[in-house]
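Visitor: Sharing data_14.cif (mmCIF, C-alpha atoms and all ligand atoms; chains and numbers go by the auth columns) below.
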data_query
loop_
_atom_site.group_PDB
_atom_site.id
_atom_site.type_symbol
_atom_site.label_atom_id
_atom_site.label_comp_id
_atom_site.label_asym_id
_atom_site.label_seq_id
_atom_site.Cartn_x
_atom_site.Cartn_y
_atom_site.Cartn_z
_atom_site.B_iso_or_equiv
_atom_site.auth_seq_id
_atom_site.auth_asym_id
ATOM 1 C CA ARG A 1 -18.642 16.774 53.786 0.00 1 A
ATOM 2 C CA PRO A 2 -16.742 15.549 56.863 0.00 2 A
ATOM 3 C CA ALA A 3 -15.118 18.309 58.871 0.00 3 A
ATOM 4 C CA ASN A 4 -11.616 16.987 58.390 0.00 4 A
ATOM 5 C CA SER A 5 -11.840 16.088 54.713 0.00 5 A
ATOM 6 C CA ALA A 6 -9.734 19.084 53.726 0.00 6 A
ATOM 7 C CA ARG A 7 -6.836 17.499 55.543 0.00 7 A
ATOM 8 C CA SER A 8 -6.968 14.138 53.800 0.00 8 A
ATOM 9 C CA PRO A 9 -5.579 13.964 50.295 0.00 9 A
ATOM 10 C CA PRO A 10 -7.607 11.937 47.805 0.00 10 A
ATOM 11 C CA ALA A 11 -6.918 8.212 47.992 0.00 11 A
ATOM 12 C CA ALA A 12 -5.439 8.392 44.525 0.00 12 A
ATOM 13 C CA CYS A 13 -2.609 10.511 45.930 0.00 13 A
ATOM 14 C CA ARG A 14 -1.341 7.752 48.136 0.00 14 A
ATOM 15 C CA ASP A 15 1.010 5.081 46.866 0.00 15 A
ATOM 16 C CA PRO A 16 0.753 2.207 49.378 0.00 16 A
ATOM 17 C CA ALA A 17 3.495 0.330 47.576 0.00 17 A
ATOM 18 C CA ASP A 18 5.904 3.184 47.929 0.00 18 A
ATOM 19 C CA PRO A 19 5.811 5.157 51.154 0.00 19 A
ATOM 20 C CA GLY A 20 9.495 5.948 50.687 0.00 20 A
ATOM 21 C CA ILE A 21 9.244 9.696 50.428 0.00 21 A
ATOM 22 C CA ALA A 22 6.870 10.069 53.344 0.00 22 A
ATOM 23 C CA PHE A 23 9.205 12.216 55.361 0.00 23 A
ATOM 24 C CA GLY A 24 7.680 12.199 58.814 0.00 24 A
ATOM 25 C CA VAL A 25 9.120 13.587 61.992 0.00 25 A
ATOM 26 C CA ALA A 26 10.478 10.159 62.872 0.00 26 A
ATOM 27 C CA ASP A 27 12.658 9.844 59.792 0.00 27 A
ATOM 28 C CA GLN A 28 13.368 13.481 59.233 0.00 28 A
ATOM 29 C CA TYR A 29 17.092 13.087 59.506 0.00 29 A
ATOM 30 C CA ASP A 30 17.225 9.987 57.367 0.00 30 A
ATOM 31 C CA LEU A 31 16.153 11.456 54.101 0.00 31 A
ATOM 32 C CA GLY A 32 18.097 9.079 51.899 0.00 32 A
ATOM 33 C CA LEU A 33 19.240 11.904 49.727 0.00 33 A
ATOM 34 C CA PRO A 34 22.067 11.573 47.251 0.00 34 A
ATOM 35 C CA GLY A 35 25.375 12.340 48.863 0.00 35 A
ATOM 36 C CA ARG A 36 24.445 11.430 52.424 0.00 36 A
ATOM 37 C CA PRO A 37 27.249 9.615 54.239 0.00 37 A
ATOM 38 C CA GLY A 38 26.939 5.869 53.760 0.00 38 A
ATOM 39 C CA GLN A 39 24.708 6.156 50.739 0.00 39 A
ATOM 40 C CA SER A 40 26.489 6.010 47.450 0.00 40 A
ATOM 41 C CA GLU A 41 23.511 6.061 45.129 0.00 41 A
ATOM 42 C CA PRO A 42 20.562 8.405 44.863 0.00 42 A
ATOM 43 C CA VAL A 43 17.484 6.849 46.430 0.00 43 A
ATOM 44 C CA TRP A 44 15.082 9.022 44.468 0.00 44 A
ATOM 45 C CA PRO A 45 16.244 10.164 41.055 0.00 45 A
ATOM 46 C CA GLU A 46 15.435 13.820 40.644 0.00 46 A
ATOM 47 C CA THR A 47 12.776 13.361 38.014 0.00 47 A
ATOM 48 C CA GLN A 48 10.891 10.743 40.054 0.00 48 A
ATOM 49 C CA MET A 49 10.712 12.692 43.269 0.00 49 A
ATOM 50 C CA ALA A 50 7.375 14.373 42.711 0.00 50 A
ATOM 51 C CA SER A 51 5.093 11.351 42.510 0.00 51 A
ATOM 52 C CA ARG A 52 5.117 9.895 46.013 0.00 52 A
ATOM 53 C CA ARG A 53 3.008 10.346 49.173 0.00 53 A
ATOM 54 C CA SER A 54 0.973 13.507 49.488 0.00 54 A
ATOM 55 C CA SER A 55 -0.821 15.737 51.983 0.00 55 A
ATOM 56 C CA VAL A 56 -2.943 18.861 51.786 0.00 56 A
ATOM 57 C CA VAL A 57 0.096 20.859 52.923 0.00 57 A
ATOM 58 C CA ALA A 58 3.566 20.451 51.455 0.00 58 A
ATOM 59 C CA VAL A 59 6.580 21.817 53.314 0.00 59 A
ATOM 60 C CA VAL A 60 9.367 22.170 50.769 0.00 60 A
ATOM 61 C CA MET A 61 12.860 23.354 51.615 0.00 61 A
ATOM 62 C CA GLY A 62 15.972 23.980 49.605 0.00 62 A
ATOM 63 C CA SER A 63 18.361 21.912 51.676 0.00 63 A
ATOM 64 C CA GLU A 64 18.481 19.368 54.462 0.00 64 A
ATOM 65 C CA SER A 65 20.231 22.098 56.447 0.00 65 A
ATOM 66 C CA ASP A 66 16.917 24.016 56.484 0.00 66 A
ATOM 67 C CA LEU A 67 15.115 21.241 58.320 0.00 67 A
ATOM 68 C CA GLN A 68 16.194 22.333 61.774 0.00 68 A
ATOM 69 C CA VAL A 69 14.274 25.604 61.392 0.00 69 A
ATOM 70 C CA MET A 70 11.427 24.205 59.317 0.00 70 A
ATOM 71 C CA GLN A 71 10.693 21.558 61.934 0.00 71 A
ATOM 72 C CA ALA A 72 8.768 24.375 63.650 0.00 72 A
ATOM 73 C CA ALA A 73 6.372 24.445 60.686 0.00 73 A
ATOM 74 C CA VAL A 74 5.987 20.673 60.660 0.00 74 A
ATOM 75 C CA ASP A 75 5.327 20.591 64.412 0.00 75 A
ATOM 76 C CA GLN A 76 2.812 23.430 64.212 0.00 76 A
ATOM 77 C CA LEU A 77 0.915 21.730 61.394 0.00 77 A
ATOM 78 C CA LYS A 78 0.830 18.495 63.351 0.00 78 A
ATOM 79 C CA GLU A 79 -0.713 20.340 66.287 0.00 79 A
ATOM 80 C CA PHE A 80 -3.638 21.034 63.973 0.00 80 A
ATOM 81 C CA GLY A 81 -3.843 17.413 62.860 0.00 81 A
ATOM 82 C CA ILE A 82 -2.098 17.988 59.537 0.00 82 A
ATOM 83 C CA ASP A 83 0.716 15.602 58.688 0.00 83 A
ATOM 84 C CA PRO A 84 2.514 17.522 55.949 0.00 84 A
ATOM 85 C CA LEU A 85 4.387 16.196 52.984 0.00 85 A
ATOM 86 C CA VAL A 86 8.009 17.240 53.577 0.00 86 A
ATOM 87 C CA ARG A 87 10.301 17.580 50.597 0.00 87 A
ATOM 88 C CA ILE A 88 13.837 18.770 49.964 0.00 88 A
ATOM 89 C CA ILE A 89 13.945 20.352 46.549 0.00 89 A
ATOM 90 C CA SER A 90 16.247 23.102 45.379 0.00 90 A
ATOM 91 C CA ALA A 91 15.339 25.739 42.833 0.00 91 A
ATOM 92 C CA HIS A 92 18.987 25.775 41.776 0.00 92 A
ATOM 93 C CA ARG A 93 20.391 22.305 42.494 0.00 93 A
ATOM 94 C CA THR A 94 17.356 20.262 41.435 0.00 94 A
ATOM 95 C CA PRO A 95 15.406 22.622 39.180 0.00 95 A
ATOM 96 C CA GLN A 96 13.730 19.816 37.268 0.00 96 A
ATOM 97 C CA ALA A 97 12.354 18.303 40.474 0.00 97 A
ATOM 98 C CA ALA A 98 11.122 21.733 41.544 0.00 98 A
ATOM 99 C CA ALA A 99 9.239 22.145 38.283 0.00 99 A
ATOM 100 C CA GLU A 100 7.779 18.644 38.403 0.00 100 A
ATOM 101 C CA PHE A 101 6.760 18.995 42.031 0.00 101 A
ATOM 102 C CA ALA A 102 4.967 22.300 41.496 0.00 102 A
ATOM 103 C CA GLU A 103 3.226 21.161 38.333 0.00 103 A
ATOM 104 C CA SER A 104 1.960 17.935 39.908 0.00 104 A
ATOM 105 C CA ALA A 105 1.203 19.245 43.413 0.00 105 A
ATOM 106 C CA SER A 106 -2.433 20.171 42.867 0.00 106 A
ATOM 107 C CA GLY A 107 -3.167 16.889 41.107 0.00 107 A
ATOM 108 C CA ASN A 108 -1.575 15.073 44.030 0.00 108 A
ATOM 109 C CA GLY A 109 -3.946 16.652 46.541 0.00 109 A
ATOM 110 C CA VAL A 110 -1.712 19.441 47.832 0.00 110 A
ATOM 111 C CA GLN A 111 -3.701 22.599 48.605 0.00 111 A
ATOM 112 C CA VAL A 112 -1.043 24.848 50.126 0.00 112 A
ATOM 113 C CA ILE A 113 2.722 24.884 49.577 0.00 113 A
ATOM 114 C CA ILE A 114 5.141 26.206 52.177 0.00 114 A
ATOM 115 C CA ALA A 115 8.517 26.859 50.571 0.00 115 A
ATOM 116 C CA ALA A 116 11.591 27.716 52.625 0.00 116 A
ATOM 117 C CA ALA A 117 15.095 28.521 51.503 0.00 117 A
ATOM 118 C CA GLY A 118 18.131 30.544 52.429 0.00 118 A
ATOM 119 C CA MET A 119 20.595 32.709 50.492 0.00 119 A
ATOM 120 C CA ALA A 120 19.366 33.408 46.917 0.00 120 A
ATOM 121 C CA ALA A 121 16.031 31.949 47.947 0.00 121 A
ATOM 122 C CA HIS A 122 14.197 31.458 44.683 0.00 122 A
ATOM 123 C CA LEU A 123 12.414 28.275 45.719 0.00 123 A
ATOM 124 C CA ALA A 124 9.057 29.814 46.670 0.00 124 A
ATOM 125 C CA GLY A 125 8.925 31.935 43.530 0.00 125 A
ATOM 126 C CA ALA A 126 10.077 29.092 41.313 0.00 126 A
ATOM 127 C CA LEU A 127 7.328 26.836 42.659 0.00 127 A
ATOM 128 C CA ALA A 128 4.722 29.610 42.509 0.00 128 A
ATOM 129 C CA SER A 129 5.542 30.197 38.851 0.00 129 A
ATOM 130 C CA ARG A 130 4.404 26.665 38.013 0.00 130 A
ATOM 131 C CA THR A 131 1.234 26.349 40.098 0.00 131 A
ATOM 132 C CA THR A 132 -1.787 28.413 41.062 0.00 132 A
ATOM 133 C CA LEU A 133 -1.833 26.873 44.548 0.00 133 A
ATOM 134 C CA PRO A 134 -1.087 29.400 47.304 0.00 134 A
ATOM 135 C CA VAL A 135 2.630 29.437 48.045 0.00 135 A
ATOM 136 C CA ILE A 136 3.885 30.652 51.421 0.00 136 A
ATOM 137 C CA GLY A 137 7.560 31.597 51.479 0.00 137 A
ATOM 138 C CA VAL A 138 9.834 31.349 54.495 0.00 138 A
ATOM 139 C CA PRO A 139 13.209 33.115 54.153 0.00 139 A
ATOM 140 C CA LEU A 140 15.930 31.382 56.136 0.00 140 A
ATOM 141 C CA PRO A 141 19.164 32.721 57.646 0.00 141 A
ATOM 142 C CA ALA A 142 21.522 30.241 55.953 0.00 142 A
ATOM 143 C CA GLU A 143 25.278 30.186 56.528 0.00 143 A
ATOM 144 C CA PRO A 144 27.223 31.681 54.900 0.00 144 A
ATOM 145 C CA GLY A 145 24.753 34.402 54.146 0.00 145 A
ATOM 146 C CA LEU A 146 23.458 37.796 55.081 0.00 146 A
ATOM 147 C CA GLY A 147 21.459 36.780 58.135 0.00 147 A
ATOM 148 C CA GLY A 148 18.350 36.009 56.117 0.00 148 A
ATOM 149 C CA LEU A 149 17.986 39.451 54.546 0.00 149 A
ATOM 150 C CA ASP A 150 19.237 37.967 51.284 0.00 150 A
ATOM 151 C CA ALA A 151 16.555 35.265 51.409 0.00 151 A
ATOM 152 C CA LEU A 152 13.884 37.714 52.542 0.00 152 A
ATOM 153 C CA LEU A 153 14.420 39.970 49.543 0.00 153 A
ATOM 154 C CA SER A 154 14.674 37.024 47.152 0.00 154 A
ATOM 155 C CA THR A 155 11.394 35.620 48.466 0.00 155 A
ATOM 156 C CA VAL A 156 9.317 38.745 48.954 0.00 156 A
ATOM 157 C CA GLN A 157 10.241 40.758 45.864 0.00 157 A
ATOM 158 C CA MET A 158 8.216 38.822 43.353 0.00 158 A
ATOM 159 C CA PRO A 159 7.242 40.468 40.093 0.00 159 A
ATOM 160 C CA ALA A 160 3.551 41.286 39.721 0.00 160 A
ATOM 161 C CA GLY A 161 1.579 38.269 38.568 0.00 161 A
ATOM 162 C CA ILE A 162 3.259 35.544 40.641 0.00 162 A
ATOM 163 C CA PRO A 163 2.530 36.095 44.340 0.00 163 A
ATOM 164 C CA VAL A 164 4.384 34.533 47.247 0.00 164 A
ATOM 165 C CA ALA A 165 2.994 35.150 50.743 0.00 165 A
ATOM 166 C CA THR A 166 6.254 35.882 52.531 0.00 166 A
ATOM 167 C CA MET A 167 6.653 35.268 56.252 0.00 167 A
ATOM 168 C CA ALA A 168 9.270 36.469 58.727 0.00 168 A
ATOM 169 C CA ILE A 169 12.857 35.208 58.591 0.00 169 A
ATOM 170 C CA GLY A 170 13.560 31.939 60.404 0.00 170 A
ATOM 171 C CA LYS A 171 11.604 30.077 63.059 0.00 171 A
ATOM 172 C CA ALA A 172 8.869 32.683 63.563 0.00 172 A
ATOM 173 C CA GLY A 173 8.292 32.603 59.825 0.00 173 A
ATOM 174 C CA ALA A 174 8.228 28.801 59.811 0.00 174 A
ATOM 175 C CA LYS A 175 5.617 28.725 62.540 0.00 175 A
ATOM 176 C CA ASN A 176 3.555 31.481 60.950 0.00 176 A
ATOM 177 C CA ALA A 177 3.711 29.737 57.587 0.00 177 A
ATOM 178 C CA ALA A 178 2.068 26.707 59.172 0.00 178 A
ATOM 179 C CA LEU A 179 -0.573 28.866 60.846 0.00 179 A
ATOM 180 C CA PHE A 180 -1.230 30.727 57.613 0.00 180 A
ATOM 181 C CA ALA A 181 -1.653 27.410 55.790 0.00 181 A
ATOM 182 C CA VAL A 182 -4.119 26.315 58.462 0.00 182 A
ATOM 183 C CA GLU A 183 -6.003 29.593 58.067 0.00 183 A
ATOM 184 C CA ILE A 184 -6.304 28.981 54.322 0.00 184 A
ATOM 185 C CA LEU A 185 -7.571 25.445 54.851 0.00 185 A
ATOM 186 C CA ALA A 186 -9.905 26.625 57.616 0.00 186 A
ATOM 187 C CA LEU A 187 -11.874 28.669 55.096 0.00 187 A
ATOM 188 C CA ALA A 188 -13.513 25.387 54.119 0.00 188 A
ATOM 189 C CA ASP A 189 -13.097 23.474 57.374 0.00 189 A
ATOM 190 C CA LYS A 190 -15.140 24.385 60.449 0.00 190 A
ATOM 191 C CA GLU A 191 -13.133 22.104 62.722 0.00 191 A
ATOM 192 C CA LEU A 192 -9.929 23.920 61.777 0.00 192 A
ATOM 193 C CA GLN A 193 -11.667 27.249 62.378 0.00 193 A
ATOM 194 C CA ASP A 194 -12.535 26.106 65.900 0.00 194 A
ATOM 195 C CA ARG A 195 -9.009 24.871 66.507 0.00 195 A
ATOM 196 C CA LEU A 196 -7.579 28.187 65.353 0.00 196 A
ATOM 197 C CA ALA A 197 -9.870 30.035 67.773 0.00 197 A
ATOM 198 C CA GLN A 198 -8.720 27.732 70.593 0.00 198 A
ATOM 199 C CA PHE A 199 -5.096 28.271 69.609 0.00 199 A
ATOM 200 C CA ARG A 200 -5.493 32.048 69.821 0.00 200 A
ATOM 201 C CA GLN A 201 -7.249 31.788 73.186 0.00 201 A
ATOM 202 C CA ALA A 202 -4.537 29.528 74.612 0.00 202 A
ATOM 203 C CA GLN A 203 -1.843 31.852 73.293 0.00 203 A
ATOM 204 C CA ALA A 204 -3.512 34.878 74.888 0.00 204 A
ATOM 205 C CA ARG A 205 -3.886 32.962 78.167 0.00 205 A
ATOM 206 C CA THR A 206 -0.163 32.147 78.174 0.00 206 A
ATOM 207 C CA VAL A 207 0.745 35.814 77.760 0.00 207 A
ATOM 208 C CA ALA A 208 -1.751 36.861 80.443 0.00 208 A
ATOM 209 C CA ASP A 209 -0.342 34.256 82.862 0.00 209 A
ATOM 210 C CA LYS A 210 3.197 35.520 82.234 0.00 210 A
ATOM 211 C CA ASP A 211 2.013 39.094 82.715 0.00 211 A
ATOM 212 C CA ALA A 212 0.390 38.145 86.027 0.00 212 A
ATOM 213 C CA ALA A 213 3.556 36.366 87.172 0.00 213 A
ATOM 214 C CA ALA A 214 5.739 39.329 86.200 0.00 214 A
ATOM 215 C CA ALA A 215 3.376 41.797 87.870 0.00 215 A
ATOM 216 C CA SER A 216 3.286 39.789 91.087 0.00 216 A
ATOM 217 C CA GLN A 217 7.086 39.814 91.272 0.00 217 A
ATOM 218 C CA THR A 218 7.338 43.543 90.744 0.00 218 A
ATOM 219 C CA ALA A 219 4.370 44.592 92.906 0.00 219 A
ATOM 220 C CA PRO A 220 5.301 47.008 95.682 0.00 220 A
ATOM 221 C CA ARG A 221 5.699 45.276 99.037 0.00 221 A
ATOM 222 C CA PRO A 222 3.327 46.315 101.770 0.00 222 A
HETATM 223 C C1 LIG B . 19.609 27.279 49.960 0.00 301 A
HETATM 224 O O1 LIG B . 20.951 27.386 50.253 0.00 301 A
HETATM 225 C C2 LIG B . 19.058 26.317 50.969 0.00 301 A
HETATM 226 O O2 LIG B . 17.695 26.541 51.165 0.00 301 A
HETATM 227 C C3 LIG B . 19.876 26.588 52.188 0.00 301 A
HETATM 228 O O3 LIG B . 19.204 27.468 53.075 0.00 301 A
HETATM 229 C C4 LIG B . 21.125 27.269 51.636 0.00 301 A
HETATM 230 C C5 LIG B . 22.395 26.526 51.950 0.00 301 A
HETATM 231 O O4 LIG B . 22.244 25.184 51.566 0.00 301 A
HETATM 232 P P1 LIG B . 23.319 24.085 51.992 0.00 301 A
HETATM 233 O O5 LIG B . 24.631 24.525 51.400 0.00 301 A
HETATM 234 O O6 LIG B . 23.352 24.072 53.506 0.00 301 A
HETATM 235 O O7 LIG B . 22.820 22.793 51.430 0.00 301 A
HETATM 236 O O8 LIG B . 19.384 26.829 48.672 0.00 301 A
#
Would you give me this structure, written as structure tokens?
Ligand code: RP5

Guide:
Amino acid sequence: RPANSARSPPAACRDPADPGIAFGVADQYDLGLPGRPGQSEPVWPETQMASRRSSVVAVVMGSESDLQVMQAAVDQLKEFGIDPLVRIISAHRTPQAAAEFAESASGNGVQVIIAAAGMAAHLAGALASRTTLPVIGVPLPAEPGLGGLDALLSTVQMPAGIPVATMAIGKAGAKNAALFAVEILALADKELQDRLAQFRQAQARTVADKDAAAASQTAPRP
């Protein structure tokens, strides 16, 4: 099959008549969510939110306030040619949407779910409990909160039987979640394997260049 087929959801997942929930980078801060200033009515009723555009990777977060950190995951995925489905779904505020999303994700072409939340961060576990897709959790340092330790423990301490692959708190975790998702997809995608190898090489080169620059500044003068 084509090298990039793992990154294209089945045609049946796309709804050309309704691209409304296709949160891309361009409209990331115009989510049309209930309660946004200037918008009196919900754009997407909770129980209809799970049926729109799809992608092989879904980046789900508990609040719009998480987007600033989770943009790192979206950007990293895009660097690998993956345009993720971005959703704002709360395990506590919109539990029905969380259930519907998780239960329909696989059928909609999603292969990996990245779930990020702060405070009592049950989102990743709540989604994982309703799907057998791999779920990668990103604990976030929400305010007011405990600096992300609250979310870390809520995300990582899953009972046996429902795993969540938990990343570091915050931006590093967001970026690593994207890379981990790419690594999962790369198992069946040679092109992604090659891109991952290039990414590692470029990363190592950057560190080596910085090392050389630092060494040259601290070298003893003749
Ligand atoms: C969590 O509560 C969200 O994931 C967010 O990190 C935190 C605070 O949410 P907001 O009050 O900013 O919407 O569910």

Visitor: Please, which residues have at least one atom within 6 Å of an atom of ligand LIG 301 (chain A), using only C-alpha atoms and all ligand atoms, listed as a list in words?

Guide: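 Here is the list of contacting residues: Met61, Gly62, Ser63, Ser65, Asp66, Ser90, Ala117, Gly118, Met119, Leu140 and Ala142 of chain A.
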
Visitor: Using only C-alpha atoms, find the one residue out of A:Arg130, A:Lys171, A:Lys78, A:Arg205 that sits nearest to A:Gly148.

Guide: A:Lys171

Visitor: Would you work out the distance separating atom CA of A:Val156 from atom CA of A:Ala120, expressed in Å to one decimal?

Guide: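 Value for the atom CA of A:Val156-atom CA of A:Ala120 distance: 11.6 Å.
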
Visitor: Nearest to A:Gln198: which of A:Val74, A:Asn108, A:His122, A:Glu79 is it, counting all atoms listed in the file?

Guide: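 Of A:Val74, A:Asn108, A:His122, A:Glu79, the one nearest A:Gln198 is A:Glu79, counting all atoms listed in the file.
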
Visitor: Quick one: of A:Ile169, A:Val182, A:Val207, A:Leu192, who's nearest to A:Gln111, counting all atoms listed in the file?

Guide: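 Of A:Ile169, A:Val182, A:Val207, A:Leu192, the one nearest A:Gln111, counting all atoms listed in the file, is A:Val182.
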
Visitor: Between atom CA of A:Gln157 and atom CA of A:Ala121, measure the distance and give it in Å to one decimal.

Guide: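 Computing it gives 10.7 Å between the two atoms.
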
Visitor: Produce the centre coordinates and the three edge lengths, each in Å to one decimal, of the box along x, y and z that contains all listed atoms of stretch 108-112 of chain A with 4 Å added on each side, as JSON.

Guide:
{"center_x": -2.5, "center_y": 20.0, "center_z": 47.1, "size_x": 10.9, "size_y": 17.8, "size_z": 14.1}

Visitor: The PyMOL selection byres (((chain A and resi 110) around 6) and not hetatm) on the file shown: which residues, as a list in words?

Guide: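 Output from the PyMOL selection byres (((chain A and resi 110) around 6) and not hetatm), applied to this file: Ser55, Val56, Val57, Ala105, Ser106, Asn108, Gly109, Gln111 and Val112 of chain A.
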
Visitor: Those residues you just picked out, can you put them in a file as a short mmCIF file (atom, residue, chain, number, x, y, z; two decimals), keeping the file's coordinate frame with C-alpha atoms?

Guide:
data_model
loop_
_atom_site.label_atom_id
_atom_site.label_comp_id
_atom_site.auth_asym_id
_atom_site.auth_seq_id
_atom_site.Cartn_x
_atom_site.Cartn_y
_atom_site.Cartn_z
CA SER A 55 -0.82 15.74 51.98
CA VAL A 56 -2.94 18.86 51.79
CA VAL A 57 0.10 20.86 52.92
CA ALA A 105 1.20 19.24 43.41
CA SER A 106 -2.43 20.17 42.87
CA ASN A 108 -1.58 15.07 44.03
CA GLY A 109 -3.95 16.65 46.54
CA GLN A 111 -3.70 22.60 48.60
CA VAL A 112 -1.04 24.85 50.13
#
